[in-house]
Amino acid sequence: GMVPAQKDVSFYWWTPDATFVELAPSSIKFPKSDRAQWANGVGVTASPKVMLRKYAHVDFVSTEVRMAELIEKFQVTSAHMNSMLLRTKQGKTEEEAACEWLRANAAMWKPWVPYKTKCREGWGIIDDAGAFVLERASATSCGQCPQGRASTYIRDKLGETYVCAECARGSHQPQSGQMACLPCAAGTFADGVGLSTC
């Protein structure tokens with residue numbers, strides 16, 4: 001068997017990790033890292049910080065607004081993580097352990113999940129039939145703004161989103177997924193709303 005399971009010992013460990021989770025080990029807190037001491041081979045303080053980096057697409061927040069919001073709200077405590085890891089040591093798969101946790105903690109994670117009507121720039125709220133609407137009470141999801149419309153920011157009691165507003169008279173938008181309508185050139189006019197050309 002493992003020595004830590006048989007003796008009171010100190011050992012190096014990182015979390016989250018299932019190796020010793022069933023032992024419920026206590027962490028030893030060392031004084032703040034002293035680089036000068038470490039440079040001289042004296043390791044009586046905490047080890048120097050290790051930089052952990054996470055990379056994402058530069059436009060991730062604007063192109064994947066619902067996923068970005070979920071990640072921003074996501075919070076799992078060490079205790080919750082260890083409870084899931086312990087279940088894997090008891091024979092559950094990682095997926096089974098995660099599903100158990102989700103079922104038992106719905107009140108915790110449901111607020112993390114963004115509304116389906118949280119649209120990104122260039123898109124707007126739509127109803128069940130795919131028609132663009134101007135208020136969330138009628139909306140069920142998002143769709144890309146077509147020609148003749150522009151994605152317009154709104155904020156309501158559910159938070160931020162966008163609507164695809166029709167271009168007003170005197171303006172147009174020949175492309176889809178745009179954030180503004182364009183004024184008609186001199187000598188031309190758009191005599192209706194929601195037009196792609198003047």
# chains A, B, ... in the order shown; residues from 1 in each chain; ligands from 1
>>> residues_around(residues="Trp38 in chain A", least_positions_apart="5", cutoff="9 Å", atoms="only C-alpha atoms", output="list in words")
Ser33, Gly43, Val44, Thr45, Ser47 and Pro48 of chain A
>>> residues_around(residues="Val21 in chain A", least_positions_apart="4", cutoff="12 Å", atoms="only C-alpha atoms", output="MDAnalysis selection string")
chainID A and resid 4:5 13:17 25:26 78:90
>>> residues_around(residues="range 114-120 of chain A", least_positions_apart="3", cutoff="10 Å", atoms="only C-alpha atoms", output="PyMOL selection string")
chain A and resi 61-70+73+110-111+123-127+135-137+139-144+151+153+158-163+177
>>> atom_distance(atom1="CA of Ala18 in chain A", atom2="CA of Glu95 in chain A")
14.4 Å
